[in-house]
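> This is coords-v9.cif, which holds mmCIF, C-alpha atoms; chains and numbers go by the auth columns:
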data_data
loop_
_atom_site.group_PDB
_atom_site.id
_atom_site.type_symbol
_atom_site.label_atom_id
_atom_site.label_comp_id
_atom_site.label_asym_id
_atom_site.label_seq_id
_atom_site.Cartn_x
_atom_site.Cartn_y
_atom_site.Cartn_z
_atom_site.B_iso_or_equiv
_atom_site.auth_seq_id
_atom_site.auth_asym_id
ATOM 1 C CA TRP A 1 23.272 25.881 55.883 0.00 1 A
ATOM 2 C CA LEU A 2 22.565 24.587 52.378 0.00 2 A
ATOM 3 C CA ASN A 3 19.972 27.285 51.708 0.00 3 A
ATOM 4 C CA THR A 4 22.400 29.946 52.961 0.00 4 A
ATOM 5 C CA LEU A 5 25.126 28.550 50.722 0.00 5 A
ATOM 6 C CA LEU A 6 22.798 28.537 47.707 0.00 6 A
ATOM 7 C CA ALA A 7 21.542 32.061 48.446 0.00 7 A
ATOM 8 C CA ASN A 8 25.108 33.358 48.736 0.00 8 A
ATOM 9 C CA ALA A 9 26.098 31.646 45.476 0.00 9 A
ATOM 10 C CA LEU A 10 23.044 33.045 43.696 0.00 10 A
ATOM 11 C CA GLY A 11 23.673 36.512 45.129 0.00 11 A
ATOM 12 C CA SER A 12 27.171 36.499 43.650 0.00 12 A
ATOM 13 C CA LEU A 13 25.687 36.104 40.144 0.00 13 A
ATOM 14 C CA GLY A 14 23.998 39.522 40.008 0.00 14 A
ATOM 15 C CA GLY A 15 24.935 42.440 37.802 0.00 15 A
ATOM 16 C CA ALA A 16 26.829 41.462 34.664 0.00 16 A
ATOM 17 C CA ASN A 17 25.835 37.831 35.132 0.00 17 A
ATOM 18 C CA ALA A 18 22.101 38.583 35.197 0.00 18 A
ATOM 19 C CA ILE A 19 21.273 36.215 32.318 0.00 19 A
ATOM 20 C CA LEU A 20 23.272 33.421 33.954 0.00 20 A
ATOM 21 C CA LEU A 21 21.497 34.137 37.243 0.00 21 A
ATOM 22 C CA GLY A 22 18.145 33.878 35.432 0.00 22 A
ATOM 23 C CA ALA A 23 19.180 30.526 33.956 0.00 23 A
ATOM 24 C CA VAL A 24 20.312 29.209 37.338 0.00 24 A
ATOM 25 C CA VAL A 25 17.248 30.281 39.354 0.00 25 A
ATOM 26 C CA GLY A 26 14.944 29.151 36.529 0.00 26 A
ATOM 27 C CA GLY A 27 16.657 25.773 36.261 0.00 27 A
ATOM 28 C CA MET A 28 16.659 25.288 40.035 0.00 28 A
ATOM 29 C CA MET A 29 12.874 25.533 40.001 0.00 29 A
ATOM 30 C CA SER A 30 12.800 22.271 37.994 0.00 30 A
ATOM 31 C CA ILE A 31 15.439 20.179 39.715 0.00 31 A
ATOM 32 C CA ASP A 32 13.039 18.824 42.310 0.00 32 A
ATOM 33 C CA MET A 33 9.750 20.628 41.517 0.00 33 A
ATOM 34 C CA GLY A 34 8.729 21.746 44.978 0.00 34 A
ATOM 35 C CA GLY A 35 11.671 20.307 46.897 0.00 35 A
ATOM 36 C CA PRO A 36 14.660 22.008 48.531 0.00 36 A
ATOM 37 C CA PHE A 37 16.289 23.345 45.335 0.00 37 A
ATOM 38 C CA ASN A 38 12.971 24.713 44.113 0.00 38 A
ATOM 39 C CA LYS A 39 12.294 26.320 47.486 0.00 39 A
ATOM 40 C CA ALA A 40 15.825 27.779 47.730 0.00 40 A
ATOM 41 C CA SER A 41 15.343 29.445 44.339 0.00 41 A
ATOM 42 C CA TYR A 42 11.882 30.672 45.284 0.00 42 A
ATOM 43 C CA VAL A 43 13.017 32.060 48.644 0.00 43 A
ATOM 44 C CA PHE A 44 15.942 33.780 46.909 0.00 44 A
ATOM 45 C CA GLY A 45 13.478 35.315 44.452 0.00 45 A
ATOM 46 C CA THR A 46 11.095 36.524 47.140 0.00 46 A
ATOM 47 C CA ALA A 47 13.991 37.963 49.159 0.00 47 A
ATOM 48 C CA ALA A 48 15.217 39.771 46.040 0.00 48 A
ATOM 49 C CA LEU A 49 11.682 41.008 45.420 0.00 49 A
ATOM 50 C CA ALA A 50 11.521 42.455 48.929 0.00 50 A
ATOM 51 C CA THR A 51 14.658 44.537 48.314 0.00 51 A
ATOM 52 C CA ALA A 52 13.822 45.725 44.786 0.00 52 A
ATOM 53 C CA THR A 53 13.064 49.365 44.023 0.00 53 A
ATOM 54 C CA GLU A 54 12.278 51.403 40.924 0.00 54 A
ATOM 55 C CA GLU A 55 15.896 52.585 40.919 0.00 55 A
ATOM 56 C CA SER A 56 17.240 49.067 41.400 0.00 56 A
ATOM 57 C CA PRO A 57 14.802 46.649 39.707 0.00 57 A
ATOM 58 C CA GLN A 58 17.116 43.602 39.707 0.00 58 A
ATOM 59 C CA GLY A 59 15.007 41.935 42.420 0.00 59 A
ATOM 60 C CA PHE A 60 11.851 42.317 40.320 0.00 60 A
ATOM 61 C CA MET A 61 13.721 40.694 37.424 0.00 61 A
ATOM 62 C CA ILE A 62 14.914 37.787 39.589 0.00 62 A
ATOM 63 C CA MET A 63 11.383 37.052 40.785 0.00 63 A
ATOM 64 C CA ALA A 64 10.164 37.057 37.165 0.00 64 A
ATOM 65 C CA ALA A 65 12.857 34.545 36.189 0.00 65 A
ATOM 66 C CA VAL A 66 12.006 32.327 39.175 0.00 66 A
ATOM 67 C CA MET A 67 8.322 32.235 38.311 0.00 67 A
ATOM 68 C CA ALA A 68 9.000 31.570 34.624 0.00 68 A
ATOM 69 C CA GLY A 69 11.247 28.656 35.577 0.00 69 A
ATOM 70 C CA GLY A 70 8.613 27.225 37.889 0.00 70 A
ATOM 71 C CA MET A 71 5.873 27.421 35.294 0.00 71 A
ATOM 72 C CA VAL A 72 7.781 25.539 32.592 0.00 72 A
ATOM 73 C CA PRO A 73 7.834 21.880 33.802 0.00 73 A
ATOM 74 C CA PRO A 74 4.101 21.102 33.666 0.00 74 A
ATOM 75 C CA ILE A 75 3.638 23.143 30.496 0.00 75 A
ATOM 76 C CA ALA A 76 6.614 21.503 28.768 0.00 76 A
ATOM 77 C CA ILE A 77 5.358 18.042 29.683 0.00 77 A
ATOM 78 C CA ALA A 78 1.890 18.850 28.367 0.00 78 A
ATOM 79 C CA ILE A 79 3.271 20.196 25.083 0.00 79 A
ATOM 80 C CA SER A 80 5.557 17.194 24.724 0.00 80 A
ATOM 81 C CA SER A 81 2.668 14.782 25.262 0.00 81 A
ATOM 82 C CA TRP A 82 0.717 16.546 22.515 0.00 82 A
ATOM 83 C CA LEU A 83 3.624 16.623 20.052 0.00 83 A
ATOM 84 C CA PHE A 84 5.107 13.185 20.770 0.00 84 A
ATOM 85 C CA LYS A 85 2.019 11.056 21.370 0.00 85 A
ATOM 86 C CA ASP A 86 3.873 7.730 21.074 0.00 86 A
ATOM 87 C CA LYS A 87 6.108 8.674 24.032 0.00 87 A
ATOM 88 C CA PHE A 88 3.262 9.011 26.527 0.00 88 A
ATOM 89 C CA THR A 89 0.514 6.738 27.803 0.00 89 A
ATOM 90 C CA ASP A 90 -3.146 7.473 27.175 0.00 90 A
ATOM 91 C CA ASN A 91 -3.437 8.510 30.820 0.00 91 A
ATOM 92 C CA ASP A 92 -0.437 10.867 30.518 0.00 92 A
ATOM 93 C CA ARG A 93 -2.015 12.545 27.498 0.00 93 A
ATOM 94 C CA ALA A 94 -5.413 12.738 29.203 0.00 94 A
ATOM 95 C CA ASN A 95 -3.821 14.603 32.122 0.00 95 A
ATOM 96 C CA ALA A 96 -1.876 16.990 29.889 0.00 96 A
ATOM 97 C CA PRO A 97 -4.503 19.787 29.874 0.00 97 A
ATOM 98 C CA VAL A 98 -4.583 19.785 33.677 0.00 98 A
ATOM 99 C CA ASN A 99 -0.783 19.883 33.719 0.00 99 A
ATOM 100 C CA ALA A 100 -0.764 22.867 31.355 0.00 100 A
ATOM 101 C CA ILE A 101 -3.311 24.734 33.474 0.00 101 A
ATOM 102 C CA MET A 102 -1.387 24.034 36.672 0.00 102 A
ATOM 103 C CA GLY A 103 1.810 25.215 35.008 0.00 103 A
ATOM 104 C CA LEU A 104 0.121 28.438 33.954 0.00 104 A
ATOM 105 C CA CYS A 105 -0.861 28.841 37.625 0.00 105 A
ATOM 106 C CA PHE A 106 2.803 28.417 38.715 0.00 106 A
ATOM 107 C CA ILE A 107 2.270 25.009 40.309 0.00 107 A
ATOM 108 C CA SER A 108 5.450 23.103 39.409 0.00 108 A
ATOM 109 C CA GLU A 109 4.393 20.070 41.424 0.00 109 A
ATOM 110 C CA ALA A 110 2.007 19.025 38.640 0.00 110 A
ATOM 111 C CA ALA A 111 5.055 17.606 36.853 0.00 111 A
ATOM 112 C CA ILE A 112 6.077 15.331 39.740 0.00 112 A
ATOM 113 C CA PRO A 113 4.188 12.193 38.593 0.00 113 A
ATOM 114 C CA TYR A 114 5.877 12.412 35.194 0.00 114 A
ATOM 115 C CA ALA A 115 9.285 13.080 36.765 0.00 115 A
ATOM 116 C CA ALA A 116 8.849 10.193 39.212 0.00 116 A
ATOM 117 C CA ALA A 117 7.993 7.811 36.373 0.00 117 A
ATOM 118 C CA ASP A 118 10.994 8.784 34.212 0.00 118 A
ATOM 119 C CA PRO A 119 13.371 11.041 36.198 0.00 119 A
ATOM 120 C CA GLY A 120 16.407 10.590 33.969 0.00 120 A
ATOM 121 C CA ARG A 121 14.606 12.106 30.992 0.00 121 A
ATOM 122 C CA VAL A 122 11.902 14.366 32.434 0.00 122 A
ATOM 123 C CA ILE A 123 14.007 16.267 34.971 0.00 123 A
ATOM 124 C CA PRO A 124 16.892 17.253 32.623 0.00 124 A
ATOM 125 C CA SER A 125 14.398 18.302 29.949 0.00 125 A
ATOM 126 C CA CYS A 126 12.462 20.460 32.378 0.00 126 A
ATOM 127 C CA VAL A 127 15.625 21.958 33.883 0.00 127 A
ATOM 128 C CA ALA A 128 16.837 22.931 30.405 0.00 128 A
ATOM 129 C CA GLY A 129 13.507 24.520 29.481 0.00 129 A
ATOM 130 C CA SER A 130 13.240 26.335 32.809 0.00 130 A
ATOM 131 C CA ALA A 131 16.804 27.639 32.506 0.00 131 A
ATOM 132 C CA VAL A 132 16.027 28.992 29.024 0.00 132 A
ATOM 133 C CA ALA A 133 12.849 30.685 30.275 0.00 133 A
ATOM 134 C CA GLY A 134 14.666 32.238 33.252 0.00 134 A
ATOM 135 C CA ALA A 135 17.585 33.435 31.124 0.00 135 A
ATOM 136 C CA LEU A 136 15.304 34.970 28.491 0.00 136 A
ATOM 137 C CA SER A 137 13.183 36.650 31.143 0.00 137 A
ATOM 138 C CA MET A 138 16.323 38.314 32.535 0.00 138 A
ATOM 139 C CA ALA A 139 17.646 39.146 29.054 0.00 139 A
ATOM 140 C CA PHE A 140 14.369 40.893 28.216 0.00 140 A
ATOM 141 C CA HIS A 141 14.411 42.765 31.559 0.00 141 A
ATOM 142 C CA CYS A 142 11.039 41.359 32.568 0.00 142 A
ATOM 143 C CA THR A 143 9.989 42.281 36.073 0.00 143 A
ATOM 144 C CA LEU A 144 7.474 40.834 38.503 0.00 144 A
ATOM 145 C CA ARG A 145 6.076 42.537 41.575 0.00 145 A
ATOM 146 C CA ALA A 146 4.086 39.562 42.910 0.00 146 A
ATOM 147 C CA PRO A 147 5.656 36.489 44.519 0.00 147 A
ATOM 148 C CA HIS A 148 3.142 34.039 43.056 0.00 148 A
ATOM 149 C CA GLY A 149 0.203 33.760 40.715 0.00 149 A
ATOM 150 C CA GLY A 150 1.299 32.593 37.282 0.00 150 A
ATOM 151 C CA ILE A 151 -0.712 34.091 34.444 0.00 151 A
ATOM 152 C CA PHE A 152 -3.056 35.738 36.927 0.00 152 A
ATOM 153 C CA VAL A 153 -0.383 38.291 37.815 0.00 153 A
ATOM 154 C CA ILE A 154 0.445 39.288 34.224 0.00 154 A
ATOM 155 C CA PRO A 155 -0.758 42.849 35.021 0.00 155 A
ATOM 156 C CA THR A 156 2.109 43.125 37.536 0.00 156 A
ATOM 157 C CA ILE A 157 4.748 41.987 35.034 0.00 157 A
ATOM 158 C CA GLY A 158 6.962 44.525 33.357 0.00 158 A
ATOM 159 C CA ASN A 159 7.447 43.700 29.654 0.00 159 A
ATOM 160 C CA PRO A 160 4.626 41.096 29.719 0.00 160 A
ATOM 161 C CA PHE A 161 4.750 40.202 26.024 0.00 161 A
ATOM 162 C CA MET A 162 8.428 39.230 26.198 0.00 162 A
ATOM 163 C CA TYR A 163 7.752 37.421 29.468 0.00 163 A
ATOM 164 C CA LEU A 164 5.164 35.258 27.723 0.00 164 A
ATOM 165 C CA ILE A 165 7.625 34.709 24.858 0.00 165 A
ATOM 166 C CA SER A 166 10.246 33.602 27.437 0.00 166 A
ATOM 167 C CA LEU A 167 7.763 31.194 28.989 0.00 167 A
ATOM 168 C CA LEU A 168 6.692 29.820 25.609 0.00 168 A
ATOM 169 C CA VAL A 169 10.244 29.365 24.307 0.00 169 A
ATOM 170 C CA GLY A 170 11.389 27.685 27.532 0.00 170 A
ATOM 171 C CA SER A 171 8.361 25.383 27.517 0.00 171 A
ATOM 172 C CA VAL A 172 8.876 24.403 23.887 0.00 172 A
ATOM 173 C CA VAL A 173 12.595 23.789 24.458 0.00 173 A
ATOM 174 C CA GLY A 174 11.803 21.498 27.400 0.00 174 A
ATOM 175 C CA ALA A 175 9.030 19.761 25.433 0.00 175 A
ATOM 176 C CA VAL A 176 11.182 19.101 22.388 0.00 176 A
ATOM 177 C CA ILE A 177 14.140 17.822 24.419 0.00 177 A
ATOM 178 C CA LEU A 178 11.807 15.511 26.342 0.00 178 A
ATOM 179 C CA GLY A 179 10.184 14.309 23.132 0.00 179 A
ATOM 180 C CA PHE A 180 13.538 13.433 21.602 0.00 180 A
ATOM 181 C CA ILE A 181 15.039 11.636 24.603 0.00 181 A
ATOM 182 C CA LYS A 182 11.958 9.879 25.966 0.00 182 A
ATOM 183 C CA LYS A 183 11.475 6.304 24.811 0.00 183 A
ATOM 184 C CA PRO A 184 8.250 5.318 23.049 0.00 184 A
ATOM 185 C CA VAL A 185 5.614 3.688 25.196 0.00 185 A
ATOM 186 C CA ALA A 186 5.226 -0.024 24.475 0.00 186 A
ATOM 187 C CA ALA A 187 2.100 -0.774 22.455 0.00 187 A
ATOM 188 C CA LYS A 188 -0.732 -2.337 24.429 0.00 188 A
#
As structure tokens, how would this structure be written, given the file I've shared?


Amino acid sequence: WLNTLLANALGSLGGANAILLGAVVGGMMSIDMGGPFNKASYVFGTAALATATEESPQGFMIMAAVMAGGMVPPIAIAISSWLFKDKFTDNDRANAPVNAIMGLCFISEAAIPYAAADPGRVIPSCVAGSAVAGALSMAFHCTLRAPHGGIFVIPTIGNPFMYLISLLVGSVVGAVILGFIKKPVAAK
């Protein structure tokens, strides 16, 4: 019933509220990074994708926003660990390249260890970055015809340059917020 409720609420945000819808589905991808909110957003995106046509591309745009939102958390965490070295352990920084690669592959779950270690700072930062990426993707009318794949499906993305800009801006926003609110790691 919760997924139905969420899908109905998301469906009511179409049309004039497309940018808001992009922010919501993008942000939902980061709330629990693979959990029920993430899956509700993803299922909504794939359902929208299944109904999209050339004449009515809104579903293609929704799927693009969903994937952008899901890619942001691991990328944002990696960027933050590179920019704010004193806020992350040596192990966190060593795993950052893997996190970035997994994010580029649309594997949100790579961010879970970081979120589990500091949920009050990591999750809001990632949600904010993902919401920005999703909103920008919708604002730029980016489309996606594949339900998964990250950077490997760039050839199926309409307006790919602006899609990558959306992903980069969202990731940097999440990284900077995390860097500012995360506490420094105690010196060893």

> Rank A:Ala18, A:Ala9, A:Ala146, A:Pro119 by their smallest atom-to-atom distance to A:Ala50, using all atoms listed in the file, and report the top residue only.

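Using all atoms listed in the file, A:Ala50 sits closest to A:Ala146.
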
> Going by the chain IDs and residue numbers used in this file, which residues fall under the PyMOL selection byres ((chain A and resi 128) around 10)? Write them as a ChimeraX atom specification.

/A:23-24,26-28,30-31,69,72-73,123-127,129-134,170-171,173-175,177-178

> Write a file of the just-selected residues containing C-alpha atoms, as a tab-separated table (two decimals), keeping the file's coordinate frame.


chain	number	residue	atom	x	y	z
A	23	ALA	CA	19.18	30.53	33.96
A	24	VAL	CA	20.31	29.21	37.34
A	26	GLY	CA	14.94	29.15	36.53
A	27	GLY	CA	16.66	25.77	36.26
A	28	MET	CA	16.66	25.29	40.03
A	30	SER	CA	12.80	22.27	37.99
A	31	ILE	CA	15.44	20.18	39.72
A	69	GLY	CA	11.25	28.66	35.58
A	72	VAL	CA	7.78	25.54	32.59
A	73	PRO	CA	7.83	21.88	33.80
A	123	ILE	CA	14.01	16.27	34.97
A	124	PRO	CA	16.89	17.25	32.62
A	125	SER	CA	14.40	18.30	29.95
A	126	CYS	CA	12.46	20.46	32.38
A	127	VAL	CA	15.62	21.96	33.88
A	129	GLY	CA	13.51	24.52	29.48
A	130	SER	CA	13.24	26.34	32.81
A	131	ALA	CA	16.80	27.64	32.51
A	132	VAL	CA	16.03	28.99	29.02
A	133	ALA	CA	12.85	30.68	30.28
A	134	GLY	CA	14.67	32.24	33.25
A	170	GLY	CA	11.39	27.68	27.53
A	171	SER	CA	8.36	25.38	27.52
A	173	VAL	CA	12.60	23.79	24.46
A	174	GLY	CA	11.80	21.50	27.40
A	175	ALA	CA	9.03	19.76	25.43
A	177	ILE	CA	14.14	17.82	24.42
A	178	LEU	CA	11.81	15.51	26.34

> Can you pull out every residue within 8 Å of A:Ala64, counting all atoms listed in the file, but drop anything in the same chain fewer than 6 positions away, and send it as a PyMOL selection string?

chain A and resi 134+137-138+142-144+157

> Enumerate, as an MDAnalysis selection string, the residues matched when the PyMOL selection byres ((chain A and resi 84-89) around 8) is run on the file above.

chainID A and resid 80:83 90:93 179 182:185

> Taking all atoms listed in the file into account, which of A:Ile62, A:Val98, A:Leu5, A:Leu20 comes nearest A:Ala40?

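Ranked by minimum distance to A:Ala40, first place goes to A:Leu5.
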
> Provide the atom CA of A:Met29 to atom CA of A:Ser41 distance in Å, to one decimal place.

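A separation of 6.3 Å between them.
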
> Separation of atom CA of A:Gly70 and atom CA of A:Leu167, in Å?

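About the pair atom CA of A:Gly70 and atom CA of A:Leu167: they are 9.8 Å apart.
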
> Find the smallest box with edges along x, y and z containing every listed atom of stretch 132-136 of chain A, then add 3 Å on each side and report centre and edge lengths in Å to one decimal, as JSON.


{"center_x": 15.2, "center_y": 32.0, "center_z": 30.9, "size_x": 10.7, "size_y": 12.0, "size_z": 10.8}

> Just give me the gap between atom CA of A:Ile112 and atom CA of A:Gly35 in Å, one decimal is fine.

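Result for atom CA of A:Ile112 versus atom CA of A:Gly35: 10.4 Å, one decimal.
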
> Nearest residue to A:Met71 out of A:Ile151, A:Met162, A:Val43, A:Ala48, using only C-alpha atoms?

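Checking each candidate against A:Met71, we get A:Ile151 as the closest.
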
> Name every residue that the PyMOL selection byres ((chain A and resi 102) around 12) selects in this structure, writing the answer as a PDB file with C-alpha atoms, in the frame of the given file with chains first and numbers rising.


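Saved result, expr15.pdb, follows:
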ATOM      1  CA  GLY A  70       8.613  27.225  37.889  1.00  0.00           C
ATOM      2  CA  MET A  71       5.873  27.421  35.294  1.00  0.00           C
ATOM      3  CA  VAL A  72       7.781  25.539  32.592  1.00  0.00           C
ATOM      4  CA  PRO A  73       7.834  21.880  33.802  1.00  0.00           C
ATOM      5  CA  PRO A  74       4.101  21.102  33.666  1.00  0.00           C
ATOM      6  CA  ILE A  75       3.638  23.143  30.496  1.00  0.00           C
ATOM      7  CA  ALA A  76       6.614  21.503  28.768  1.00  0.00           C
ATOM      8  CA  ILE A  77       5.358  18.042  29.683  1.00  0.00           C
ATOM      9  CA  ALA A  78       1.890  18.850  28.367  1.00  0.00           C
ATOM     10  CA  ASN A  95      -3.821  14.603  32.122  1.00  0.00           C
ATOM     11  CA  ALA A  96      -1.876  16.990  29.889  1.00  0.00           C
ATOM     12  CA  PRO A  97      -4.503  19.787  29.874  1.00  0.00           C
ATOM     13  CA  VAL A  98      -4.583  19.785  33.677  1.00  0.00           C
ATOM     14  CA  ASN A  99      -0.783  19.883  33.719  1.00  0.00           C
ATOM     15  CA  ALA A 100      -0.764  22.867  31.355  1.00  0.00           C
ATOM     16  CA  ILE A 101      -3.311  24.734  33.474  1.00  0.00           C
ATOM     17  CA  GLY A 103       1.810  25.215  35.008  1.00  0.00           C
ATOM     18  CA  LEU A 104       0.121  28.438  33.954  1.00  0.00           C
ATOM     19  CA  CYS A 105      -0.861  28.841  37.625  1.00  0.00           C
ATOM     20  CA  PHE A 106       2.803  28.417  38.715  1.00  0.00           C
ATOM     21  CA  ILE A 107       2.270  25.009  40.309  1.00  0.00           C
ATOM     22  CA  SER A 108       5.450  23.103  39.409  1.00  0.00           C
ATOM     23  CA  GLU A 109       4.393  20.070  41.424  1.00  0.00           C
ATOM     24  CA  ALA A 110       2.007  19.025  38.640  1.00  0.00           C
ATOM     25  CA  ALA A 111       5.055  17.606  36.853  1.00  0.00           C
ATOM     26  CA  ILE A 112       6.077  15.331  39.740  1.00  0.00           C
ATOM     27  CA  GLY A 149       0.203  33.760  40.715  1.00  0.00           C
ATOM     28  CA  GLY A 150       1.299  32.593  37.282  1.00  0.00           C
ATOM     29  CA  ILE A 151      -0.712  34.091  34.444  1.00  0.00           C
ATOM     30  CA  PHE A 152      -3.056  35.738  36.927  1.00  0.00           C
TER      31      PHE A 152
END

> Using all atoms listed in the file, which residue out of A:Ala94, A:Val122, A:Ile154, A:Ala47 lies closest to A:Ile181?

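Between A:Ala94, A:Val122, A:Ile154, A:Ala47, the residue approaching A:Ile181 most closely is A:Val122.
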